[in-house]
There are 2 protein chains.
Amino acid sequence: MARIVMKFGGTSMAGTERIRRVARIVQRQQAAGHEVAVVVSAMAGETDRLVNFCREANPLYDPAEYDVVVASGEQVTSGLLAMHLQALGCKARSWLGWQLPIHTDDAHSKARIEGIDAEALLASMASGEIAVIPGFQGVSDKGRITTLGRGGSDTSAVAVAAAVKADRCDIYTDVDGVYTTDPRIVAKARKLKNVTYEEMLELASVGSKVLQTRSVSLAMKEGVRVQVLSSFIDDDAPAADTIPGTMIVSDEELEGLDMERQLITGIAADKNEAKVTLTRIADRPGAVAAIFGPLAAANINVDMIIQNIAKDKGETDVTFTVPISDLARTQALLEERKDTIGYYRMLANSKVAKISVVGVGMRSHAGVAATMFRSLADRGINIQAITTSEIKVSVLIDEDETELAVRVLHTAYEMDGE
Amino acid sequence: MARIVMKFGGTSMAGTERIRRVARIVQRQQAAGHEVAVVVSAMAGETDRLVNFCREANPLYDPAEYDVVVASGEQVTSGLLAMHLQALGCKARSWLGWQLPIHTDDAHSKARIEGIDAEALLASMASGEIAVIPGFQGVSDKGRITTLGRGGSDTSAVAVAAAVKADRCDIYTDVDGVYTTDPRIVAKARKLKNVTYEEMLELASVGSKVLQTRSVSLAMKEGVRVQVLSSFIDDDAPAADTIPGTMIVSDEELEGLDMERQLITGIAADKNEAKVTLTRIADRPGAVAAIFGPLAAANINVDMIIQNIAKDKGETDVTFTVPISDLARTQALLEERKDTIGYYRMLANSKVAKISVVGVGMRSHAGVAATMFRSLADRGINIQAITTSEIKVSVLIDEDETELAVRVLHTAYEMDGE
């Protein structure tokens, strides 16, 4: 017997037939002898509908009232799933965020979980009752409803799993696991049996949208074993244990699981960044601070930064990337400060893509970066910028060459499956 | 300055533009110097949508989970109205049923309010904040969400008004008051300035669907002055004080307000009853109990009962009415018990209408019933059954003659306006 937290996203909860299917998946886990809690998202589209009402009410809406409105979507699906489970003969009940409670800070619309009172939950699960918990929501110490920010239900599930010391947190999505790269780009992409928290974080932050980054960080911090798997499996399929997706584990556990692991775990592409270059900046102390200080103050998330010092001229070009959604604000901010910073021209290009190779094996192996640069050069793909971390090498290239680059690298690192 | 509770129904809350209009009506009351709390229904159609999900989930759904699901509709509109009020520059916040709290028993899906903690609410209103409260919902002593049954938001509003000792409870609906009869039937129907609780109860129970019966009973018990008025007034109209609807008051208050009051207050028609006749029942003790005992046990609400004893034969016919929705169950129950009861034939007719004349003046005046019977007879309308109460006379007639009967009586009692 194991204690399992299962989480289902909005696509899995979209309407009566799909919720019934989810109920059957949950029932199978309980029938296999496990203690089960389920965390659910709102029906696909519902949160957007509610957010839209808020925007129409007041473009500068009160985040506390926003939370009252949008938290209702998960309230509905949690009640409905409890009913569907009861219809299958299971004992089940819903536990809203304020009922457990799930304590959060009072940063409405982007709250952080501070703790979950697991006592009632553990008693409920131990009695054979399936606990159904709306994701995305909690309650502040002022007794008001809070929400965790879009995609927060993954984080709710991991937090519940940590609170009840679950053996596993199964995240059911519309994909059946984490792949070496996007299967829509590379048909020979392989599903990974295991991936480490760090790798998942790097993959999530560079465009593999399987899990919310925050949920992976929390799982790593709390040591929660997370499994990603598909809710669109056959009705007659056996319990999830026998059709595993991808398990997200610690470095230590991975070594035990997978001695023969490859150098590179995955390749991700991210088209959501734009490149900005400021030319002929004076090469003096404080010049770079004058650029990035104001961007940081405006909460613009700068990713890659490249500076080439041309010592002989006393001038330099600075290139960096920002999310495309922040490009207009970035340009406006830097235009205002043109004299303070002292640059000659500002160039912007949103037609770029960041290609990243990720793998914990990289730490103990040389040559990953060299392979990357040579493979891309062989196909005539120009590298505009490079950054590295302990388990990742990223390059910025022309957006039109995204798919080609991913395919070339997938083959170069010998990741192609059958 | 007055303390006012305002209540808006689902049609008034259906979508952004209508909620904005409601916010302006509320703002005007506050601008007039009043302390204001607002009770809201879910958007029109939303509760039906949610109830439908519950039925699809499990025809025998758990009422506790049903309440979790359906209470979300009012949660959404309360948050949205708070936002709309803030957009107009008002201080406003939502207070959910479990936050005040509104204590109820735990008869889920048809709970009764046991009390409301008004302390936080009074402090909020005194500080100039508009309190927005979802109708229809409360919380049980087990800490679970409850709902009051369909139409329960009227009851919530009256209960809140009683708890904060409001000077007035304004119920905004899609009609602008209580009329002498249905204006769609009689063009000359007049809006009543005042009506007593008892009259309103009789009118509500015989088909004038302006207010939920329970809310009127509660208002009578708690002495809450209730005003019915329209939310579909001009945007530029002055505060509601100057465009009154119908005020529902006590007998005593009415006497002070309206010395010249007419004998009859209103005429209502109800097509939702069906007539059942059992013929040739033995005229012996216990015969009638054998009919109505089983119906009461099955929660079938029997309204009119007529028995004509034909002593010479030792047999009698018994006629009664039940809601049309219970007719099939009634017939099945009585068919099963045919031998026990000992009747000859069962006749059923759902093509009947109950016409009622209502008025507190009736108590001190003779002749109301006589006028009714003569007026109907003059137009050839046959009376199938008669019942009376202290302030009401009802007759059962052929459904096809409903409109004619209402018009004839409206004229006969000299109620026609200009």
# chains A, B, ... in the order shown; residues from 1 in each chain; ligands from 1
call {"tool": "interface_residues", "arguments": {"of": "chain B", "to": "chain A", "cutoff": "9 Å", "atoms": "only C-alpha atoms", "output": "PyMOL selection string"}}
result
chain B and resi 15-17+19-20+50+53-54+56-62+64-73+75-87+93-96+99+143-144
call {"tool": "write_last_selection", "arguments": {"atoms": "N, CA and C atoms", "output": "CSV table (one decimal), in the first residue's frame"}}
result
chain,number,residue,atom,x,y,z
B,15,GLY,N,-24.0,39.2,-16.5
B,15,GLY,CA,-23.0,39.7,-17.3
B,15,GLY,C,-22.5,41.1,-16.9
B,16,THR,N,-21.3,41.5,-17.5
B,16,THR,CA,-20.6,42.7,-17.1
B,16,THR,C,-21.4,43.9,-17.1
B,17,GLU,N,-22.2,44.2,-18.2
B,17,GLU,CA,-22.9,45.4,-18.4
B,17,GLU,C,-24.0,45.6,-17.3
B,19,ILE,N,-24.1,44.0,-14.3
B,19,ILE,CA,-23.5,44.2,-13.0
B,19,ILE,C,-23.0,45.6,-12.8
B,20,ARG,N,-22.5,46.2,-13.9
B,20,ARG,CA,-22.0,47.6,-13.8
B,20,ARG,C,-23.2,48.5,-13.5
B,50,LEU,N,-24.9,24.6,-13.3
B,50,LEU,CA,-24.1,23.9,-12.2
B,50,LEU,C,-25.0,22.7,-11.7
B,53,PHE,N,-24.6,19.9,-14.1
B,53,PHE,CA,-23.4,19.1,-13.9
B,53,PHE,C,-23.5,18.1,-12.8
B,54,CYS,N,-24.2,18.5,-11.7
B,54,CYS,CA,-24.4,17.7,-10.5
B,54,CYS,C,-25.2,16.5,-10.9
B,56,GLU,N,-25.6,15.2,-13.8
B,56,GLU,CA,-24.9,14.3,-14.7
B,56,GLU,C,-23.8,13.5,-14.0
B,57,ALA,N,-23.3,14.1,-12.9
B,57,ALA,CA,-22.3,13.4,-12.1
B,57,ALA,C,-22.9,12.2,-11.4
B,58,ASN,N,-24.1,12.4,-10.8
B,58,ASN,CA,-24.7,11.4,-10.0
B,58,ASN,C,-26.1,11.8,-9.8
B,59,PRO,N,-27.1,11.1,-10.4
B,59,PRO,CA,-28.5,11.4,-10.2
B,59,PRO,C,-28.9,11.5,-8.7
B,60,LEU,N,-28.2,10.6,-7.9
B,60,LEU,CA,-28.4,10.6,-6.4
B,60,LEU,C,-27.3,11.4,-5.8
B,61,TYR,N,-27.1,12.6,-6.2
B,61,TYR,CA,-25.9,13.3,-5.8
B,61,TYR,C,-25.9,13.6,-4.3
B,62,ASP,N,-24.7,13.7,-3.7
B,62,ASP,CA,-24.5,14.0,-2.3
B,62,ASP,C,-24.8,15.5,-2.1
B,64,ALA,N,-24.2,17.6,0.1
B,64,ALA,CA,-23.1,18.4,0.6
B,64,ALA,C,-22.2,18.9,-0.5
B,65,GLU,N,-21.9,17.9,-1.5
B,65,GLU,CA,-21.1,18.3,-2.6
B,65,GLU,C,-21.8,19.2,-3.6
B,66,TYR,N,-23.1,18.9,-3.7
B,66,TYR,CA,-24.0,19.8,-4.6
B,66,TYR,C,-23.8,21.3,-4.1
B,67,ASP,N,-23.8,21.4,-2.8
B,67,ASP,CA,-23.7,22.8,-2.2
B,67,ASP,C,-22.4,23.4,-2.5
B,68,VAL,N,-21.3,22.6,-2.5
B,68,VAL,CA,-20.0,23.1,-2.9
B,68,VAL,C,-20.0,23.7,-4.3
B,69,VAL,N,-20.7,22.9,-5.2
B,69,VAL,CA,-20.7,23.3,-6.6
B,69,VAL,C,-21.6,24.5,-6.8
B,70,VAL,N,-22.8,24.4,-6.4
B,70,VAL,CA,-23.8,25.5,-6.8
B,70,VAL,C,-23.5,26.8,-6.1
B,71,ALA,N,-22.9,26.8,-4.9
B,71,ALA,CA,-22.7,28.0,-4.1
B,71,ALA,C,-21.6,28.9,-4.9
B,72,SER,N,-20.9,28.3,-5.8
B,72,SER,CA,-19.9,29.0,-6.5
B,72,SER,C,-20.5,30.2,-7.4
B,73,GLY,N,-21.7,30.0,-7.8
B,73,GLY,CA,-22.3,31.0,-8.7
B,73,GLY,C,-22.4,32.4,-8.0
B,75,GLN,N,-20.7,33.2,-5.4
B,75,GLN,CA,-19.3,33.6,-5.0
B,75,GLN,C,-18.7,34.5,-6.1
B,76,VAL,N,-18.9,34.0,-7.3
B,76,VAL,CA,-18.4,34.8,-8.5
B,76,VAL,C,-19.0,36.2,-8.6
B,77,THR,N,-20.4,36.3,-8.5
B,77,THR,CA,-21.0,37.6,-8.7
B,77,THR,C,-20.7,38.5,-7.5
B,78,SER,N,-20.5,38.0,-6.3
B,78,SER,CA,-20.2,38.9,-5.2
B,78,SER,C,-18.8,39.5,-5.4
B,79,GLY,N,-17.8,38.7,-5.8
B,79,GLY,CA,-16.5,39.2,-6.1
B,79,GLY,C,-16.5,40.3,-7.2
B,80,LEU,N,-17.3,39.9,-8.3
B,80,LEU,CA,-17.4,40.8,-9.4
B,80,LEU,C,-18.0,42.2,-9.0
B,81,LEU,N,-19.1,42.1,-8.3
B,81,LEU,CA,-19.8,43.4,-7.9
B,81,LEU,C,-18.9,44.2,-7.0
B,82,ALA,N,-18.1,43.6,-6.1
B,82,ALA,CA,-17.2,44.3,-5.3
B,82,ALA,C,-16.2,45.1,-6.2
B,83,MET,N,-15.7,44.4,-7.3
B,83,MET,CA,-14.8,45.0,-8.2
B,83,MET,C,-15.4,46.2,-9.0
B,84,HIS,N,-16.6,46.0,-9.4
B,84,HIS,CA,-17.3,47.0,-10.2
B,84,HIS,C,-17.5,48.2,-9.3
B,85,LEU,N,-17.9,48.0,-8.0
B,85,LEU,CA,-18.0,49.1,-7.1
B,85,LEU,C,-16.7,49.9,-6.9
B,86,GLN,N,-15.6,49.1,-6.7
B,86,GLN,CA,-14.3,49.7,-6.6
B,86,GLN,C,-14.0,50.6,-7.8
B,87,ALA,N,-14.4,50.1,-9.0
B,87,ALA,CA,-14.1,50.8,-10.2
B,87,ALA,C,-14.8,52.1,-10.2
B,93,ARG,N,-16.1,45.3,-0.3
B,93,ARG,CA,-15.5,43.9,-0.3
B,93,ARG,C,-16.6,42.9,-0.2
B,94,SER,N,-16.2,41.7,-0.6
B,94,SER,CA,-17.1,40.5,-0.6
B,94,SER,C,-17.0,39.8,0.8
B,95,TRP,N,-18.1,39.3,1.3
B,95,TRP,CA,-18.1,38.4,2.5
B,95,TRP,C,-18.8,37.2,2.2
B,96,LEU,N,-18.1,36.1,2.0
B,96,LEU,CA,-18.7,34.8,1.7
B,96,LEU,C,-19.5,34.3,2.9
B,99,GLN,N,-17.4,33.3,5.7
B,99,GLN,CA,-16.5,34.3,6.2
B,99,GLN,C,-17.2,35.1,7.3
B,143,GLY,N,-18.6,23.2,9.4
B,143,GLY,CA,-17.7,24.0,8.6
B,143,GLY,C,-17.8,23.7,7.1
B,144,ARG,N,-19.0,23.1,6.7
B,144,ARG,CA,-19.1,22.9,5.2
B,144,ARG,C,-20.1,23.9,4.7
call {"tool": "residues_around", "arguments": {"residues": "Gln30 (chain B)", "least_positions_apart": "4", "cutoff": "9 Å", "atoms": "only C-alpha atoms", "output": "list in words"}}
result
Val26, His34, Glu35, Val36, Cys90, Gly128 and Ile130 of chain B
call {"tool": "write_last_selection", "arguments": {"atoms": "C-alpha atoms", "output": "PDB file, in the first residue's frame"}}
result
ATOM      1  CA  VAL B  26     -25.736  50.754  -5.190  1.00  0.00           C
ATOM      2  CA  HIS B  34     -26.766  55.432   3.612  1.00  0.00           C
ATOM      3  CA  GLU B  35     -24.861  52.473   5.047  1.00  0.00           C
ATOM      4  CA  VAL B  36     -25.186  49.722   2.448  1.00  0.00           C
ATOM      5  CA  CYS B  90     -16.439  53.010  -3.695  1.00  0.00           C
ATOM      6  CA  GLY B 128     -18.057  53.372   4.660  1.00  0.00           C
ATOM      7  CA  ILE B 130     -20.052  48.427   0.936  1.00  0.00           C
TER       8      ILE B 130
END
call {"tool": "select_by_dssp", "arguments": {"residues": "region 197-229 of chain A", "states": "strand (DSSP E or B)", "output": "MDAnalysis selection string"}}
result
chainID A and resid 226:229
call {"tool": "atom_distance", "arguments": {"atom1": "CA of Arg337 (chain B)", "atom2": "CA of Leu396 (chain B)"}}
result
26.4 Å
call {"tool": "closest_residue", "arguments": {"among": "B:Glu399, B:Val40, B:Arg214, B:Ala163", "to": "Lys110 (chain B)", "atoms": "only C-alpha atoms"}}
result
B:Arg214
call {"tool": "select_by_dssp", "arguments": {"residues": "region 245-414 of chain B", "states": "helix (DSSP H, G or I)", "output": "ChimeraX atom specification"}}
result
/B:251-257,287-297,324-336,338-341,360-364,368-378,399-412
call {"tool": "residues_around", "arguments": {"residues": "Arg225 (chain B)", "least_positions_apart": "4", "cutoff": "12 Å", "atoms": "only C-alpha atoms", "output": "ChimeraX atom specification"}}
result
/B:3-6,157-159,161-162,165-171,194-197,215-221,246-251,253-254
call {"tool": "write_last_selection", "arguments": {"atoms": "C-alpha atoms", "output": "CSV table (one decimal), in the first residue's frame"}}
result
chain,number,residue,atom,x,y,z
B,3,ARG,CA,-29.0,51.3,6.9
B,4,ILE,CA,-30.1,49.5,3.8
B,5,VAL,CA,-29.7,46.0,2.5
B,6,MET,CA,-30.1,45.7,-1.2
B,157,ALA,CA,-31.2,39.3,2.1
B,158,VAL,CA,-33.9,39.4,4.7
B,159,ALA,CA,-31.7,37.5,7.2
B,161,ALA,CA,-31.3,42.9,7.1
B,162,ALA,CA,-32.5,41.4,10.4
B,165,LYS,CA,-31.1,45.8,12.0
B,166,ALA,CA,-31.5,47.5,8.6
B,167,ASP,CA,-34.1,50.2,8.1
B,168,ARG,CA,-35.1,48.6,4.9
B,169,CYS,CA,-34.4,45.6,2.7
B,170,ASP,CA,-34.7,46.5,-1.0
B,171,ILE,CA,-35.3,43.5,-3.3
B,194,ASN,CA,-48.0,48.8,0.3
B,195,VAL,CA,-48.9,45.2,1.0
B,196,THR,CA,-48.9,43.3,4.3
B,197,TYR,CA,-46.7,40.3,5.0
B,215,SER,CA,-38.2,35.3,2.8
B,216,VAL,CA,-41.6,36.9,3.4
B,217,SER,CA,-42.2,34.6,6.5
B,218,LEU,CA,-38.8,35.5,7.8
B,219,ALA,CA,-39.4,39.3,7.2
B,220,MET,CA,-42.7,39.0,9.1
B,221,LYS,CA,-41.1,37.1,12.0
B,246,THR,CA,-44.0,48.1,-3.3
B,247,MET,CA,-43.3,48.2,0.5
B,248,ILE,CA,-44.2,45.1,2.4
B,249,VAL,CA,-45.1,46.0,6.0
B,250,SER,CA,-47.0,44.9,9.1
B,251,ASP,CA,-50.7,45.3,9.5
B,253,GLU,CA,-47.8,50.0,9.8
B,254,LEU,CA,-50.2,49.6,6.9
call {"tool": "residues_around", "arguments": {"residues": "Ala298 (chain B)", "least_positions_apart": "4", "cutoff": "12 Å", "atoms": "only C-alpha atoms", "output": "list of chain:residue names"}}
result
B:Ile291, B:Phe292, B:Gly293, B:Pro294, B:Val302, B:Asp326, B:Arg329, B:Thr330, B:Ala332, B:Leu333, B:Leu334
call {"tool": "write_last_selection", "arguments": {"atoms": "N, CA and C atoms", "output": "JSON list (two decimals), in the first residue's frame"}}
result
[["chain", "number", "residue", "atom", "x", "y", "z"],
["B", 291, "ILE", "N", -56.81, 8.14, 2.44],
["B", 291, "ILE", "CA", -56.37, 8.82, 1.22],
["B", 291, "ILE", "C", -55.17, 9.71, 1.51],
["B", 292, "PHE", "N", -55.32, 10.59, 2.51],
["B", 292, "PHE", "CA", -54.33, 11.66, 2.67],
["B", 292, "PHE", "C", -53.12, 11.28, 3.52],
["B", 293, "GLY", "N", -53.25, 10.21, 4.32],
["B", 293, "GLY", "CA", -52.09, 9.74, 5.08],
["B", 293, "GLY", "C", -50.92, 9.38, 4.17],
["B", 294, "PRO", "N", -51.14, 8.51, 3.20],
["B", 294, "PRO", "CA", -50.04, 8.12, 2.30],
["B", 294, "PRO", "C", -49.48, 9.30, 1.50],
["B", 302, "VAL", "N", -50.94, 18.53, -0.56],
["B", 302, "VAL", "CA", -52.34, 18.62, -0.96],
["B", 302, "VAL", "C", -52.86, 20.01, -0.59],
["B", 326, "ASP", "N", -46.51, 16.62, -8.98],
["B", 326, "ASP", "CA", -46.70, 15.44, -8.13],
["B", 326, "ASP", "C", -47.87, 14.58, -8.58],
["B", 329, "ARG", "N", -47.12, 10.76, -9.33],
["B", 329, "ARG", "CA", -46.84, 10.02, -8.10],
["B", 329, "ARG", "C", -48.13, 9.82, -7.29],
["B", 330, "THR", "N", -48.96, 10.86, -7.26],
["B", 330, "THR", "CA", -50.22, 10.77, -6.53],
["B", 330, "THR", "C", -51.09, 9.66, -7.10],
["B", 332, "ALA", "N", -50.19, 7.07, -8.85],
["B", 332, "ALA", "CA", -49.60, 5.74, -8.61],
["B", 332, "ALA", "C", -49.88, 5.29, -7.17],
["B", 333, "LEU", "N", -49.68, 6.22, -6.22],
["B", 333, "LEU", "CA", -49.89, 5.88, -4.81],
["B", 333, "LEU", "C", -51.34, 5.44, -4.56],
["B", 334, "LEU", "N", -52.28, 6.18, -5.15],
["B", 334, "LEU", "CA", -53.70, 5.89, -4.88],
["B", 334, "LEU", "C", -54.16, 4.65, -5.63]]
call {"tool": "atom_distance", "arguments": {"atom1": "CA of Val178 (chain A)", "atom2": "CA of Ala31 (chain A)"}}
result
27.1 Å
call {"tool": "closest_residue", "arguments": {"among": "B:Ala187, B:Met1, B:Ala120, B:Ile133", "to": "Val39 (chain B)", "atoms": "only C-alpha atoms"}}
result
B:Ile133
call {"tool": "atom_distance", "arguments": {"atom1": "CA of Asp339 (chain B)", "atom2": "CA of Pro323 (chain B)"}}
result
24.6 Å
call {"tool": "closest_residue", "arguments": {"among": "B:Gly89, B:Gly342, B:Gly223, B:Gly151", "to": "Ile281 (chain B)", "atoms": "only C-alpha atoms"}}
result
B:Gly342
call {"tool": "residues_around", "arguments": {"residues": "region 111-114 of chain A", "least_positions_apart": "6", "cutoff": "6 Å", "atoms": "only C-alpha atoms", "output": "list in words"}}
result
His103, Thr104, Asp105, Thr147 and Leu148 of chain A
call {"tool": "residues_around", "arguments": {"residues": "Lys354 (chain A)", "least_positions_apart": "5", "cutoff": "6 Å", "atoms": "only C-alpha atoms", "output": "PDB file with C-alpha atoms, in the first residue's frame"}}
result
ATOM      1  CA  ALA A 269      13.437  25.262 -27.693  1.00  0.00           C
ATOM      2  CA  ASP A 270      12.020  28.573 -26.505  1.00  0.00           C
ATOM      3  CA  VAL A 395      22.453  29.124 -27.627  1.00  0.00           C
ATOM      4  CA  LEU A 396      20.470  31.858 -29.301  1.00  0.00           C
TER       5      LEU A 396
END
call {"tool": "residues_around", "arguments": {"residues": "Asn301 (chain B)", "least_positions_apart": "5", "cutoff": "8 Å", "atoms": "only C-alpha atoms", "output": "list in words"}}
result
Leu295, Ala296, Val322 and Pro323 of chain B
call {"tool": "decode", "arguments": {"residues": "region 376-410 of chain A", "atoms": "C-alpha atoms", "output": "tab-separated table (two decimals), in the first residue's frame"}}
result
chain	number	residue	atom	x	y	z
A	376	LEU	CA	25.13	23.59	-35.62
A	377	ALA	CA	28.05	25.03	-37.60
A	378	ASP	CA	28.06	21.98	-39.91
A	379	ARG	CA	24.47	22.86	-40.88
A	380	GLY	CA	25.26	26.55	-41.29
A	381	ILE	CA	23.30	27.64	-38.22
A	382	ASN	CA	24.73	30.85	-36.78
A	383	ILE	CA	25.02	31.17	-33.01
A	384	GLN	CA	24.18	34.67	-31.80
A	385	ALA	CA	24.80	34.15	-28.07
A	386	ILE	CA	25.73	31.42	-25.61
A	387	THR	CA	25.04	30.81	-21.91
A	388	THR	CA	25.81	27.84	-19.74
A	389	SER	CA	24.83	26.48	-16.34
A	390	GLU	CA	26.04	23.39	-14.52
A	391	ILE	CA	23.59	21.14	-16.37
A	392	LYS	CA	22.65	23.21	-19.42
A	393	VAL	CA	24.13	24.85	-22.51
A	394	SER	CA	21.91	27.35	-24.34
A	395	VAL	CA	22.45	29.12	-27.63
A	396	LEU	CA	20.47	31.86	-29.30
A	397	ILE	CA	19.79	31.34	-33.01
A	398	ASP	CA	17.53	32.64	-35.77
A	399	GLU	CA	13.93	31.62	-35.06
A	400	ASP	CA	13.48	30.13	-38.55
A	401	GLU	CA	16.18	27.55	-37.79
A	402	THR	CA	14.57	26.27	-34.55
A	403	GLU	CA	13.25	22.94	-35.80
A	404	LEU	CA	16.36	22.19	-37.84
A	405	ALA	CA	18.62	22.89	-34.84
A	406	VAL	CA	16.58	20.67	-32.51
A	407	ARG	CA	16.67	17.77	-35.00
A	408	VAL	CA	20.37	18.15	-35.67
A	409	LEU	CA	21.17	18.14	-31.94
A	410	HIS	CA	18.83	15.24	-31.17
